[in-house]
>>> print(open('upload14.txt').read())   # compact mmCIF, C-alpha atoms
# COMPACT_ATOMS: atom_id res chain seq x y z
CA MET G 1 131.22 -7.75 35.91
CA ALA G 2 128.37 -5.26 35.92
CA THR G 3 128.07 -5.91 39.66
CA THR G 4 131.25 -4.10 40.68
CA GLY G 5 129.31 -1.12 41.95
CA MET G 6 126.77 -3.20 43.89
CA ASP G 7 126.02 -2.04 47.43
CA LEU G 8 126.84 -5.22 49.29
CA LYS G 9 126.02 -3.76 52.71
CA GLU G 10 122.36 -3.58 51.62
CA LYS G 11 122.43 -7.37 51.42
CA ILE G 12 123.63 -7.83 55.00
CA ARG G 13 121.07 -7.96 57.79
CA ASP G 14 121.78 -6.70 61.30
CA ILE G 15 120.58 -8.98 64.10
CA PRO G 16 120.85 -7.39 67.56
CA ASP G 17 121.82 -9.54 70.55
CA PHE G 18 122.96 -12.64 68.63
CA PRO G 19 124.52 -14.98 69.61
CA GLN G 20 124.41 -13.15 72.94
CA LYS G 21 123.18 -9.87 74.43
CA GLY G 22 125.15 -6.84 73.28
CA ILE G 23 126.46 -8.39 70.05
CA LEU G 24 125.22 -6.99 66.72
CA PHE G 25 125.43 -9.97 64.37
CA ARG G 26 126.03 -9.34 60.65
CA ASP G 27 123.81 -11.89 58.91
CA ILE G 28 125.16 -12.65 55.42
CA THR G 29 122.37 -15.04 54.38
CA PRO G 30 120.49 -12.41 52.30
CA LEU G 31 123.72 -11.81 50.37
CA LEU G 32 124.23 -15.54 49.79
CA ARG G 33 120.62 -15.77 48.62
CA ASP G 34 121.30 -13.24 45.84
CA PRO G 35 123.31 -14.85 43.02
CA LEU G 36 124.62 -11.51 41.73
CA ALA G 37 125.78 -10.41 45.18
CA LEU G 38 127.55 -13.70 45.91
CA ASP G 39 129.17 -13.60 42.48
CA CYS G 40 130.28 -10.03 43.12
CA VAL G 41 132.02 -11.03 46.37
CA VAL G 42 133.80 -14.02 44.84
CA ASP G 43 134.78 -11.87 41.85
CA ARG G 44 136.24 -9.16 44.11
CA PHE G 45 138.35 -11.77 45.89
CA HIS G 46 139.38 -13.26 42.56
CA GLN G 47 140.45 -9.90 41.14
CA TYR G 48 142.55 -9.25 44.23
CA TYR G 49 144.24 -12.65 44.45
CA ARG G 50 144.49 -13.73 40.80
CA ASP G 51 148.10 -12.57 40.37
CA LYS G 52 149.31 -13.59 43.84
CA ASN G 53 150.19 -17.20 43.01
CA ILE G 54 147.77 -18.76 45.53
CA GLN G 55 148.12 -22.56 45.50
CA VAL G 56 145.75 -23.42 48.36
CA VAL G 57 142.70 -21.73 49.87
CA ALA G 58 142.30 -22.78 53.52
CA ALA G 59 138.78 -21.85 54.65
CA ILE G 60 137.44 -21.84 58.19
CA GLU G 61 134.32 -23.84 59.14
CA ALA G 62 131.53 -23.30 58.25
CA ARG G 63 130.71 -19.98 56.54
CA GLY G 64 134.26 -19.68 55.22
CA TYR G 65 133.55 -22.68 53.00
CA ILE G 66 130.77 -20.85 51.16
CA LEU G 67 133.23 -18.23 49.89
CA GLY G 68 136.42 -20.30 49.90
CA SER G 69 135.31 -23.08 47.61
CA PRO G 70 134.20 -20.97 44.61
CA LEU G 71 137.26 -18.76 45.06
CA ALA G 72 139.59 -21.78 45.03
CA LEU G 73 137.93 -22.96 41.81
CA ARG G 74 138.34 -19.56 40.13
CA LEU G 75 141.99 -19.36 41.22
CA GLY G 76 142.73 -22.95 40.16
CA ALA G 77 143.87 -23.55 43.74
CA GLY G 78 143.24 -26.49 46.05
CA PHE G 79 140.58 -26.21 48.76
CA VAL G 80 141.43 -27.15 52.36
CA PRO G 81 138.79 -27.21 55.12
CA VAL G 82 139.88 -26.04 58.57
CA ARG G 83 137.52 -27.64 61.07
CA LYS G 84 136.37 -27.79 64.64
CA PRO G 85 137.81 -30.66 66.69
CA GLY G 86 136.88 -34.24 65.87
CA LYS G 87 135.44 -33.58 62.41
CA LEU G 88 138.43 -34.39 60.20
CA PRO G 89 138.88 -38.15 59.77
CA TYR G 90 142.60 -38.45 58.94
CA LYS G 91 145.68 -37.45 60.97
CA THR G 92 145.32 -33.86 62.14
CA ILE G 93 147.23 -31.14 63.90
CA SER G 94 145.39 -28.69 66.12
CA GLN G 95 145.75 -25.18 67.46
CA GLU G 96 143.97 -23.52 70.37
CA TYR G 97 143.05 -19.86 70.46
CA SER G 98 141.56 -17.62 73.10
CA LEU G 99 138.05 -16.24 73.12
CA GLU G 100 136.72 -13.56 75.46
CA TYR G 101 135.76 -16.42 77.78
CA GLY G 102 137.59 -19.71 77.34
CA VAL G 103 139.36 -21.30 74.37
CA ASN G 104 138.46 -22.85 71.02
CA THR G 105 140.43 -25.27 68.88
CA LEU G 106 140.82 -25.62 65.12
CA GLU G 107 142.20 -28.60 63.21
CA ILE G 108 143.71 -29.25 59.79
CA HIS G 109 144.72 -32.50 58.13
CA ALA G 110 148.44 -33.19 58.55
CA ASP G 111 148.81 -33.62 54.76
CA ALA G 112 146.64 -30.66 53.77
CA VAL G 113 149.51 -28.34 52.85
CA ASN G 114 152.89 -29.16 51.32
CA LYS G 115 156.12 -27.45 52.31
CA GLY G 116 156.50 -24.09 50.61
CA GLU G 117 152.98 -23.90 49.22
CA ARG G 118 151.37 -20.48 49.20
CA VAL G 119 148.16 -20.56 51.23
CA LEU G 120 145.37 -17.98 51.35
CA ILE G 121 143.38 -18.12 54.61
CA LEU G 122 139.73 -17.22 54.03
CA ASP G 123 136.70 -16.61 56.21
CA ASP G 124 133.47 -14.66 55.94
CA LEU G 125 134.31 -12.24 58.75
CA ILE G 126 137.19 -11.02 60.88
CA ALA G 127 136.35 -9.98 64.43
CA THR G 128 139.22 -10.31 66.92
CA GLY G 129 141.29 -12.40 64.47
CA GLY G 130 141.78 -15.34 66.81
CA SER G 131 140.58 -18.11 64.50
CA ALA G 132 142.49 -16.66 61.53
CA ALA G 133 145.72 -16.40 63.55
CA ALA G 134 145.28 -19.99 64.76
CA THR G 135 144.81 -21.11 61.16
CA SER G 136 148.01 -19.37 60.12
CA ARG G 137 149.87 -21.28 62.82
CA LEU G 138 148.44 -24.55 61.50
CA VAL G 139 149.56 -23.69 57.96
CA GLU G 140 153.02 -22.73 59.14
CA LYS G 141 153.40 -25.88 61.27
CA LEU G 142 152.89 -27.84 58.03
CA GLY G 143 155.58 -25.80 56.28
CA GLY G 144 153.16 -23.71 54.21
CA VAL G 145 153.59 -20.01 53.47
CA VAL G 146 150.73 -17.73 54.53
CA ALA G 147 150.23 -15.69 51.37
CA GLY G 148 147.47 -13.59 52.91
CA PHE G 149 144.14 -13.38 54.72
CA GLY G 150 140.84 -12.61 53.03
CA PHE G 151 137.55 -11.76 54.73
CA MET G 152 134.30 -10.53 53.24
CA ILE G 153 133.51 -8.46 56.36
CA GLU G 154 135.87 -6.66 58.73
CA LEU G 155 134.68 -5.41 62.12
CA THR G 156 137.36 -2.70 62.28
CA PHE G 157 136.63 -1.67 65.89
CA LEU G 158 137.80 -5.10 67.10
CA LYS G 159 141.24 -4.52 65.54
CA GLY G 160 141.65 -8.14 64.38
CA ARG G 161 143.97 -6.86 61.66
CA GLU G 162 146.59 -6.05 64.32
CA VAL G 163 146.71 -9.71 65.37
CA LEU G 164 147.63 -10.61 61.78
CA LYS G 165 150.25 -7.88 61.31
CA GLY G 166 153.11 -8.66 58.95
CA HIS G 167 150.62 -10.33 56.59
CA ASP G 168 148.51 -8.99 53.76
CA VAL G 169 144.86 -8.67 54.88
CA TYR G 170 142.16 -7.95 52.30
CA THR G 171 138.54 -7.22 53.26
CA ILE G 172 135.60 -6.20 51.08
CA ILE G 173 133.09 -4.67 53.52
CA GLN G 174 134.05 -2.73 56.63
CA TYR G 175 132.00 -1.79 59.71
CA MET F 1 136.03 -30.00 30.36
CA ALA F 2 138.87 -32.41 29.75
CA THR F 3 138.21 -33.79 33.24
CA THR F 4 135.01 -35.68 32.36
CA GLY F 5 136.80 -39.03 32.35
CA MET F 6 138.64 -38.39 35.63
CA ASP F 7 138.59 -41.24 38.16
CA LEU F 8 137.13 -39.40 41.11
CA LYS F 9 137.18 -42.47 43.39
CA GLU F 10 140.99 -42.31 43.28
CA LYS F 11 140.70 -38.94 45.04
CA ILE F 12 138.64 -40.29 47.94
CA ARG F 13 140.42 -41.79 50.92
CA ASP F 14 138.95 -44.62 52.99
CA ILE F 15 139.26 -44.18 56.76
CA PRO F 16 138.28 -47.29 58.75
CA ASP F 17 136.46 -46.90 62.08
CA PHE F 18 135.62 -43.19 61.78
CA PRO F 19 133.73 -41.58 63.41
CA GLN F 20 133.13 -44.85 65.24
CA LYS F 21 134.17 -48.51 65.09
CA GLY F 22 132.76 -50.40 62.12
CA ILE F 23 132.17 -47.32 59.93
CA LEU F 24 134.28 -46.91 56.77
CA PHE F 25 134.45 -43.13 56.30
CA ARG F 26 134.84 -41.74 52.77
CA ASP F 27 137.23 -38.80 53.18
CA ILE F 28 136.74 -36.28 50.37
CA THR F 29 139.51 -33.90 51.42
CA PRO F 30 142.03 -35.22 48.83
CA LEU F 31 139.42 -34.53 46.13
CA LEU F 32 138.81 -30.99 47.43
CA ARG F 33 142.58 -30.45 47.47
CA ASP F 34 142.77 -31.16 43.71
CA PRO F 35 141.42 -28.20 41.72
CA LEU F 36 140.69 -30.32 38.63
CA ALA F 37 138.81 -32.94 40.63
CA LEU F 38 136.68 -30.37 42.48
CA ASP F 39 135.96 -28.59 39.20
CA CYS F 40 134.98 -31.91 37.64
CA VAL F 41 132.43 -32.58 40.40
CA VAL F 42 130.88 -29.11 40.22
CA ASP F 43 130.83 -29.37 36.41
CA ARG F 44 129.05 -32.74 36.54
CA PHE F 45 126.39 -31.26 38.83
CA HIS F 46 126.12 -28.22 36.58
CA GLN F 47 125.66 -30.30 33.44
CA TYR F 48 122.91 -32.29 35.12
CA TYR F 49 120.99 -29.36 36.63
CA ARG F 50 121.57 -26.57 34.12
CA ASP F 51 118.26 -27.11 32.28
CA LYS F 52 116.16 -27.92 35.36
CA ASN F 53 115.27 -24.34 36.31
CA ILE F 54 116.88 -24.45 39.77
CA GLN F 55 116.28 -21.15 41.61
CA VAL F 56 117.80 -22.03 44.99
CA VAL F 57 120.51 -24.45 46.12
CA ALA F 58 119.94 -25.45 49.76
CA ALA F 59 123.12 -27.06 51.08
CA ILE F 60 123.55 -28.98 54.32
CA GLU F 61 126.20 -27.97 56.89
CA ALA F 62 129.16 -28.18 56.57
CA ARG F 63 130.59 -30.19 53.66
CA GLY F 64 127.50 -29.53 51.56
CA TYR F 65 128.53 -25.87 51.43
CA ILE F 66 131.79 -26.69 49.65
CA LEU F 67 129.91 -28.12 46.67
CA GLY F 68 126.67 -26.14 46.94
CA SER F 69 128.13 -22.65 46.75
CA PRO F 70 130.08 -23.01 43.48
CA LEU F 71 127.16 -24.92 41.96
CA ALA F 72 124.70 -22.16 42.92
CA LEU F 73 127.02 -19.62 41.28
CA ARG F 74 127.28 -21.64 38.05
CA LEU F 75 123.49 -22.12 37.93
CA GLY F 76 122.79 -18.46 38.73
CA ALA F 77 120.76 -19.70 41.71
CA GLY F 78 120.58 -18.40 45.28
CA PHE F 79 122.52 -20.20 48.00
CA VAL F 80 120.77 -21.17 51.25
CA PRO F 81 122.62 -22.71 54.20
CA VAL F 82 120.81 -25.41 56.17
CA ARG F 83 122.36 -25.47 59.62
CA LYS F 84 122.59 -27.26 62.92
CA PRO F 85 120.49 -25.74 65.74
CA GLY F 86 121.35 -22.32 67.13
CA LYS F 87 123.64 -21.21 64.29
CA LEU F 88 121.24 -19.18 62.14
CA PRO F 89 120.64 -15.71 63.59
CA TYR F 90 117.23 -14.78 62.15
CA LYS F 91 113.82 -16.46 62.55
CA THR F 92 114.13 -20.16 61.78
CA ILE F 93 112.02 -23.25 61.37
CA SER F 94 113.44 -26.62 62.39
CA GLN F 95 113.00 -30.30 61.63
CA GLU F 96 114.12 -33.31 63.60
CA TYR F 97 115.25 -36.56 62.04
CA SER F 98 116.20 -39.95 63.45
CA LEU F 99 119.69 -41.37 63.64
CA GLU F 100 120.60 -44.94 64.53
CA TYR F 101 120.78 -43.72 68.12
CA GLY F 102 118.88 -40.55 69.00
CA VAL F 103 117.76 -37.58 66.91
CA ASN F 104 119.34 -34.60 65.16
CA THR F 105 117.79 -31.30 64.14
CA LEU F 106 118.31 -29.05 61.13
CA GLU F 107 117.24 -25.42 60.75
CA ILE F 108 116.58 -23.03 57.89
CA HIS F 109 115.79 -19.31 57.92
CA ALA F 110 112.04 -18.67 57.73
CA ASP F 111 112.59 -16.34 54.73
CA ALA F 112 115.13 -18.53 52.93
CA VAL F 113 112.73 -19.85 50.28
CA ASN F 114 109.79 -18.13 48.59
CA LYS F 115 106.53 -19.90 47.76
CA GLY F 116 106.81 -21.88 44.54
CA GLU F 117 110.58 -21.56 44.18
CA ARG F 118 112.37 -24.61 42.80
CA VAL F 119 114.98 -25.79 45.30
CA LEU F 120 117.82 -28.24 44.77
CA ILE F 121 118.93 -29.92 48.01
CA LEU F 122 122.66 -30.66 47.98
CA ASP F 123 125.11 -32.50 50.21
CA ASP F 124 128.43 -34.26 49.78
CA LEU F 125 127.10 -37.72 50.65
CA ILE F 126 123.87 -39.64 51.08
CA ALA F 127 123.88 -42.41 53.67
CA THR F 128 120.45 -43.19 55.19
CA GLY F 129 118.93 -40.01 53.73
CA GLY F 130 117.67 -38.65 57.05
CA SER F 131 119.21 -35.19 56.84
CA ALA F 132 118.19 -34.78 53.19
CA ALA F 133 114.59 -35.81 53.93
CA ALA F 134 114.48 -33.38 56.88
CA THR F 135 115.74 -30.61 54.59
CA SER F 136 113.01 -31.36 52.06
CA ARG F 137 110.42 -30.97 54.81
CA LEU F 138 111.91 -27.58 55.74
CA VAL F 139 111.75 -26.45 52.10
CA GLU F 140 108.16 -27.64 51.73
CA LYS F 141 107.07 -25.99 55.01
CA LEU F 142 108.22 -22.69 53.46
CA GLY F 143 106.20 -23.35 50.31
CA GLY F 144 109.19 -24.27 48.15
CA VAL F 145 109.21 -27.03 45.54
CA VAL F 146 111.87 -29.72 45.96
CA ALA F 147 113.27 -29.90 42.43
CA GLY F 148 115.72 -32.67 43.30
CA PHE F 149 118.50 -34.00 45.49
CA GLY F 150 122.16 -34.02 44.53
CA PHE F 151 125.00 -35.85 46.29
CA MET F 152 128.58 -36.35 45.24
CA ILE F 153 128.71 -39.78 46.94
CA GLU F 154 125.98 -42.37 47.40
CA LEU F 155 126.37 -45.27 49.85
CA THR F 156 123.93 -47.47 47.95
CA PHE F 157 123.81 -50.26 50.57
CA LEU F 158 122.15 -47.85 53.03
CA LYS F 159 119.24 -47.31 50.61
CA GLY F 160 118.88 -43.59 51.39
CA ARG F 161 117.40 -43.15 47.92
CA GLU F 162 114.26 -45.01 49.07
CA VAL F 163 113.64 -42.40 51.77
CA LEU F 164 113.56 -39.72 49.04
CA LYS F 165 111.35 -41.63 46.61
CA GLY F 166 109.10 -39.59 44.37
CA HIS F 167 111.97 -37.12 43.89
CA ASP F 168 114.82 -36.97 41.40
CA VAL F 169 118.09 -38.07 43.05
CA TYR F 170 121.39 -37.56 41.21
CA THR F 171 124.70 -38.92 42.52
CA ILE F 172 128.15 -38.88 40.93
CA ILE F 173 130.08 -41.62 42.79
CA GLN F 174 128.51 -44.80 44.13
CA TYR F 175 129.81 -47.34 46.67
>>> encode(input="upload14.txt", output="structure tokens")
Amino acid sequence: MATTGMDLKEKIRDIPDFPQKGILFRDITPLLRDPLALDCVVDRFHQYYRDKNIQVVAAIEARGYILGSPLALRLGAGFVPVRKPGKLPYKTISQEYSLEYGVNTLEIHADAVNKGERVLILDDLIATGGSAAATSRLVEKLGGVVAGFGFMIELTFLKGREVLKGHDVYTIIQY
Amino acid sequence: MATTGMDLKEKIRDIPDFPQKGILFRDITPLLRDPLALDCVVDRFHQYYRDKNIQVVAAIEARGYILGSPLALRLGAGFVPVRKPGKLPYKTISQEYSLEYGVNTLEIHADAVNKGERVLILDDLIATGGSAAATSRLVEKLGGVVAGFGFMIELTFLKGREVLKGHDVYTIIQY
């Protein structure tokens, strides 16, 4: 692709104090709005994962779906949505994780991953790593193998990577 | 693609009484889990829209993203997420729509669509058409042109198509 050298950070908009005071939110919607930029991101993921025998891409609701679905298609892998509670209609398993204040829960369908399948966990951004770590527990409870974690953006100062240690973590843009 | 003749309905699971008693929910997760089936759906959309000069794909949270993002990439169009209230970080406009009981709201970024741009509105399923019609109002408020509506599944008995009349509506699977 001629887009390999594209400056993706130029396509990300900083929004101060969202969703709450003191947080600098990285808004990816200008990047999504640019077909070449979105293609560049999916292509970077594809180049990295194409030889890693990924059978399933498990993406985290909702922005993870925007990157996870085209990546799954390019890899010839299945797509699995990881969702907030009460959204998945079939039998589910769930996993709580801690936030700065309180807890959140993620769910996956009980038949989403087969024993031994190699699963890539994908989201748009890694902050503290809580939702990604919870997803890895869901995959492992189903007997899947966590083949790696992919994020478009890494907020390095939050050290989410340490929560996922022992696994391969690939990120495209770092702050 | 060799998948043109694939029976996609076989990949959709019926869940009675979800999310509430009396509703037969069409669960698309087995289809998403099958790379050939997901590719077939995106390919069908692509074949239909490839010559219709689509500049933007506006997809509705959250399942709409799973189909809208790979379609936008194949069409060389921009991807725009339409979201539930409070999720988009930049300036937004919003539109309410009626449900059987109560109202819901959808939001779009105020700079998501440029005047005169041709926008395809995409979701996984059309039921009564309320969320799709609300999205078309958001697009038109921004000066965009609604070039059509695409849905993987149409629940024909709910007559959502009538709510969108005057527009092109393309669906792949009908019940």
>>> interface_residues(input="upload14.txt", of="chain G", to="chain F", cutoff="10 Å", atoms="only C-alpha atoms", output="JSON, numbers by chain")
{"G": [13, 14, 15, 16, 17, 18, 19, 25, 26, 27, 28, 29, 30, 31, 32, 33, 34, 35, 36, 37, 38, 39, 42, 55, 56, 57, 58, 59, 61, 62, 63, 64, 65, 66, 67, 68, 69, 70, 71, 72, 73, 74, 75, 76, 77, 78, 79, 80, 81, 83, 86, 87, 88, 89, 90, 109, 111, 112, 113]}
>>> closest_residue(input="upload14.txt", among="F:Leu99, F:Val119, F:Ile93, F:Ile12", to="Gly150 of chain F", atoms="all atoms listed in the file")
F:Val119
>>> residues_around(input="upload14.txt", residues="Thr171 of chain G", least_positions_apart="5", cutoff="9 Å", atoms="all atoms listed in the file", output="PyMOL selection string")
chain G and resi 45+125-126+149-154
>>> calpha_fit_and_write(input="upload14.txt", fixed="chain G", moving="chain F", output="compact mmCIF listing (two decimals) with C-alpha atoms, in the frame of the given file")
# COMPACT_ATOMS: atom_id res chain seq x y z
CA MET F 1 131.18 -7.87 35.90
CA ALA F 2 128.42 -5.30 35.93
CA THR F 3 128.10 -5.94 39.67
CA THR F 4 131.29 -4.09 40.70
CA GLY F 5 129.33 -1.10 41.96
CA MET F 6 126.79 -3.19 43.89
CA ASP F 7 126.02 -2.04 47.44
CA LEU F 8 126.83 -5.23 49.29
CA LYS F 9 126.01 -3.76 52.72
CA GLU F 10 122.37 -3.58 51.61
CA LYS F 11 122.45 -7.38 51.41
CA ILE F 12 123.63 -7.85 55.00
CA ARG F 13 121.08 -7.96 57.78
CA ASP F 14 121.80 -6.69 61.30
CA ILE F 15 120.60 -8.98 64.10
CA PRO F 16 120.85 -7.39 67.57
CA ASP F 17 121.82 -9.55 70.56
CA PHE F 18 122.96 -12.64 68.63
CA PRO F 19 124.49 -14.98 69.61
CA GLN F 20 124.40 -13.15 72.94
CA LYS F 21 123.18 -9.87 74.43
CA GLY F 22 125.14 -6.83 73.29
CA ILE F 23 126.46 -8.39 70.06
CA LEU F 24 125.23 -6.98 66.73
CA PHE F 25 125.44 -9.97 64.37
CA ARG F 26 126.02 -9.33 60.65
CA ASP F 27 123.81 -11.90 58.90
CA ILE F 28 125.15 -12.66 55.42
CA THR F 29 122.38 -15.04 54.39
CA PRO F 30 120.49 -12.42 52.31
CA LEU F 31 123.72 -11.81 50.38
CA LEU F 32 124.23 -15.55 49.79
CA ARG F 33 120.62 -15.77 48.62
CA ASP F 34 121.31 -13.23 45.84
CA PRO F 35 123.30 -14.84 43.02
CA LEU F 36 124.62 -11.50 41.73
CA ALA F 37 125.77 -10.40 45.18
CA LEU F 38 127.55 -13.70 45.92
CA ASP F 39 129.17 -13.60 42.48
CA CYS F 40 130.28 -10.02 43.13
CA VAL F 41 132.02 -11.03 46.37
CA VAL F 42 133.80 -14.02 44.83
CA ASP F 43 134.77 -11.86 41.84
CA ARG F 44 136.22 -9.16 44.10
CA PHE F 45 138.34 -11.78 45.89
CA HIS F 46 139.36 -13.25 42.55
CA GLN F 47 140.43 -9.90 41.14
CA TYR F 48 142.54 -9.24 44.21
CA TYR F 49 144.23 -12.66 44.43
CA ARG F 50 144.48 -13.72 40.80
CA ASP F 51 148.09 -12.55 40.37
CA LYS F 52 149.31 -13.57 43.84
CA ASN F 53 150.18 -17.19 43.01
CA ILE F 54 147.77 -18.75 45.52
CA GLN F 55 148.12 -22.56 45.50
CA VAL F 56 145.76 -23.43 48.36
CA VAL F 57 142.70 -21.74 49.86
CA ALA F 58 142.29 -22.78 53.51
CA ALA F 59 138.78 -21.86 54.64
CA ILE F 60 137.44 -21.84 58.19
CA GLU F 61 134.31 -23.83 59.14
CA ALA F 62 131.51 -23.29 58.25
CA ARG F 63 130.71 -19.98 56.53
CA GLY F 64 134.26 -19.69 55.22
CA TYR F 65 133.54 -22.68 52.99
CA ILE F 66 130.77 -20.85 51.15
CA LEU F 67 133.22 -18.23 49.88
CA GLY F 68 136.43 -20.29 49.89
CA SER F 69 135.30 -23.08 47.59
CA PRO F 70 134.19 -20.97 44.60
CA LEU F 71 137.26 -18.76 45.04
CA ALA F 72 139.59 -21.78 45.03
CA LEU F 73 137.92 -22.96 41.81
CA ARG F 74 138.33 -19.56 40.12
CA LEU F 75 141.99 -19.35 41.19
CA GLY F 76 142.72 -22.95 40.16
CA ALA F 77 143.87 -23.54 43.74
CA GLY F 78 143.25 -26.49 46.06
CA PHE F 79 140.59 -26.21 48.75
CA VAL F 80 141.41 -27.15 52.35
CA PRO F 81 138.80 -27.21 55.11
CA VAL F 82 139.88 -26.03 58.56
CA ARG F 83 137.53 -27.63 61.05
CA LYS F 84 136.37 -27.77 64.63
CA PRO F 85 137.81 -30.66 66.69
CA GLY F 86 136.88 -34.24 65.88
CA LYS F 87 135.43 -33.58 62.41
CA LEU F 88 138.42 -34.39 60.19
CA PRO F 89 138.89 -38.14 59.76
CA TYR F 90 142.60 -38.44 58.94
CA LYS F 91 145.68 -37.44 60.96
CA THR F 92 145.32 -33.85 62.14
CA ILE F 93 147.25 -31.14 63.90
CA SER F 94 145.39 -28.68 66.11
CA GLN F 95 145.75 -25.16 67.47
CA GLU F 96 143.98 -23.51 70.36
CA TYR F 97 143.05 -19.85 70.46
CA SER F 98 141.55 -17.60 73.12
CA LEU F 99 138.03 -16.24 73.14
CA GLU F 100 136.69 -13.57 75.47
CA TYR F 101 135.71 -16.44 77.76
CA GLY F 102 137.55 -19.74 77.34
CA VAL F 103 139.35 -21.29 74.37
CA ASN F 104 138.46 -22.84 71.02
CA THR F 105 140.44 -25.26 68.88
CA LEU F 106 140.83 -25.61 65.12
CA GLU F 107 142.20 -28.61 63.22
CA ILE F 108 143.71 -29.24 59.80
CA HIS F 109 144.72 -32.50 58.12
CA ALA F 110 148.44 -33.21 58.56
CA ASP F 111 148.80 -33.63 54.76
CA ALA F 112 146.64 -30.66 53.77
CA VAL F 113 149.52 -28.34 52.85
CA ASN F 114 152.89 -29.16 51.30
CA LYS F 115 156.13 -27.44 52.32
CA GLY F 116 156.51 -24.08 50.61
CA GLU F 117 152.98 -23.91 49.23
CA ARG F 118 151.37 -20.47 49.21
CA VAL F 119 148.16 -20.55 51.23
CA LEU F 120 145.37 -17.99 51.35
CA ILE F 121 143.39 -18.13 54.60
CA LEU F 122 139.74 -17.22 54.04
CA ASP F 123 136.69 -16.61 56.21
CA ASP F 124 133.47 -14.66 55.94
CA LEU F 125 134.30 -12.23 58.75
CA ILE F 126 137.19 -11.02 60.88
CA ALA F 127 136.35 -9.97 64.43
CA THR F 128 139.24 -10.32 66.92
CA GLY F 129 141.29 -12.40 64.47
CA GLY F 130 141.79 -15.35 66.82
CA SER F 131 140.59 -18.10 64.50
CA ALA F 132 142.50 -16.66 61.53
CA ALA F 133 145.73 -16.40 63.55
CA ALA F 134 145.28 -20.00 64.77
CA THR F 135 144.81 -21.11 61.16
CA SER F 136 148.02 -19.37 60.13
CA ARG F 137 149.87 -21.28 62.83
CA LEU F 138 148.44 -24.56 61.50
CA VAL F 139 149.56 -23.68 57.96
CA GLU F 140 153.05 -22.72 59.15
CA LYS F 141 153.41 -25.89 61.27
CA LEU F 142 152.90 -27.84 58.03
CA GLY F 143 155.58 -25.81 56.27
CA GLY F 144 153.16 -23.71 54.22
CA VAL F 145 153.59 -20.01 53.48
CA VAL F 146 150.73 -17.74 54.54
CA ALA F 147 150.23 -15.68 51.38
CA GLY F 148 147.46 -13.59 52.91
CA PHE F 149 144.14 -13.37 54.71
CA GLY F 150 140.84 -12.61 53.03
CA PHE F 151 137.53 -11.75 54.72
CA MET F 152 134.29 -10.54 53.23
CA ILE F 153 133.52 -8.46 56.35
CA GLU F 154 135.87 -6.66 58.72
CA LEU F 155 134.69 -5.40 62.13
CA THR F 156 137.36 -2.71 62.29
CA PHE F 157 136.64 -1.67 65.90
CA LEU F 158 137.81 -5.10 67.10
CA LYS F 159 141.25 -4.53 65.55
CA GLY F 160 141.67 -8.14 64.38
CA ARG F 161 143.98 -6.85 61.66
CA GLU F 162 146.61 -6.06 64.33
CA VAL F 163 146.72 -9.71 65.37
CA LEU F 164 147.65 -10.62 61.77
CA LYS F 165 150.26 -7.90 61.29
CA GLY F 166 153.12 -8.66 58.95
CA HIS F 167 150.63 -10.33 56.59
CA ASP F 168 148.50 -8.99 53.76
CA VAL F 169 144.86 -8.67 54.88
CA TYR F 170 142.15 -7.94 52.29
CA THR F 171 138.54 -7.21 53.26
CA ILE F 172 135.59 -6.20 51.08
CA ILE F 173 133.08 -4.67 53.54
CA GLN F 174 134.05 -2.73 56.65
CA TYR F 175 132.00 -1.76 59.72
>>> atom_distance(input="upload14.txt", atom1="atom CA of Thr92 of chain G", atom2="atom CA of Val139 of chain G")
11.8 Å
>>> atom_distance(input="upload14.txt", atom1="atom CA of Pro85 of chain G", atom2="atom CA of Val103 of chain G")
12.2 Å
>>> residues_around(input="upload14.txt", residues="Ser131 of chain G", least_positions_apart="2", cutoff="10 Å", atoms="only C-alpha atoms", output="PDB file with C-alpha atoms, keeping the file's coordinate frame")
ATOM      1  CA  ILE G  60     137.440 -21.840  58.190  1.00  0.00           C
ATOM      2  CA  VAL G  82     139.880 -26.040  58.570  1.00  0.00           C
ATOM      3  CA  GLN G  95     145.750 -25.180  67.460  1.00  0.00           C
ATOM      4  CA  GLU G  96     143.970 -23.520  70.370  1.00  0.00           C
ATOM      5  CA  TYR G  97     143.050 -19.860  70.460  1.00  0.00           C
ATOM      6  CA  SER G  98     141.560 -17.620  73.100  1.00  0.00           C
ATOM      7  CA  LEU G  99     138.050 -16.240  73.120  1.00  0.00           C
ATOM      8  CA  ASN G 104     138.460 -22.850  71.020  1.00  0.00           C
ATOM      9  CA  THR G 105     140.430 -25.270  68.880  1.00  0.00           C
ATOM     10  CA  LEU G 106     140.820 -25.620  65.120  1.00  0.00           C
ATOM     11  CA  ASP G 123     136.700 -16.610  56.210  1.00  0.00           C
ATOM     12  CA  ILE G 126     137.190 -11.020  60.880  1.00  0.00           C
ATOM     13  CA  ALA G 127     136.350  -9.980  64.430  1.00  0.00           C
ATOM     14  CA  THR G 128     139.220 -10.310  66.920  1.00  0.00           C
ATOM     15  CA  GLY G 129     141.290 -12.400  64.470  1.00  0.00           C
ATOM     16  CA  ALA G 133     145.720 -16.400  63.550  1.00  0.00           C
ATOM     17  CA  ALA G 134     145.280 -19.990  64.760  1.00  0.00           C
ATOM     18  CA  THR G 135     144.810 -21.110  61.160  1.00  0.00           C
ATOM     19  CA  SER G 136     148.010 -19.370  60.120  1.00  0.00           C
ATOM     20  CA  ARG G 137     149.870 -21.280  62.820  1.00  0.00           C
TER      21      ARG G 137
END
>>> closest_residue(input="upload14.txt", among="G:Gly130, G:Met6, G:Tyr48, G:Leu138", to="Glu107 of chain G", atoms="only C-alpha atoms")
G:Leu138
>>> atom_distance(input="upload14.txt", atom1="atom CA of Lys141 of chain F", atom2="atom CA of Lys159 of chain F")
24.9 Å
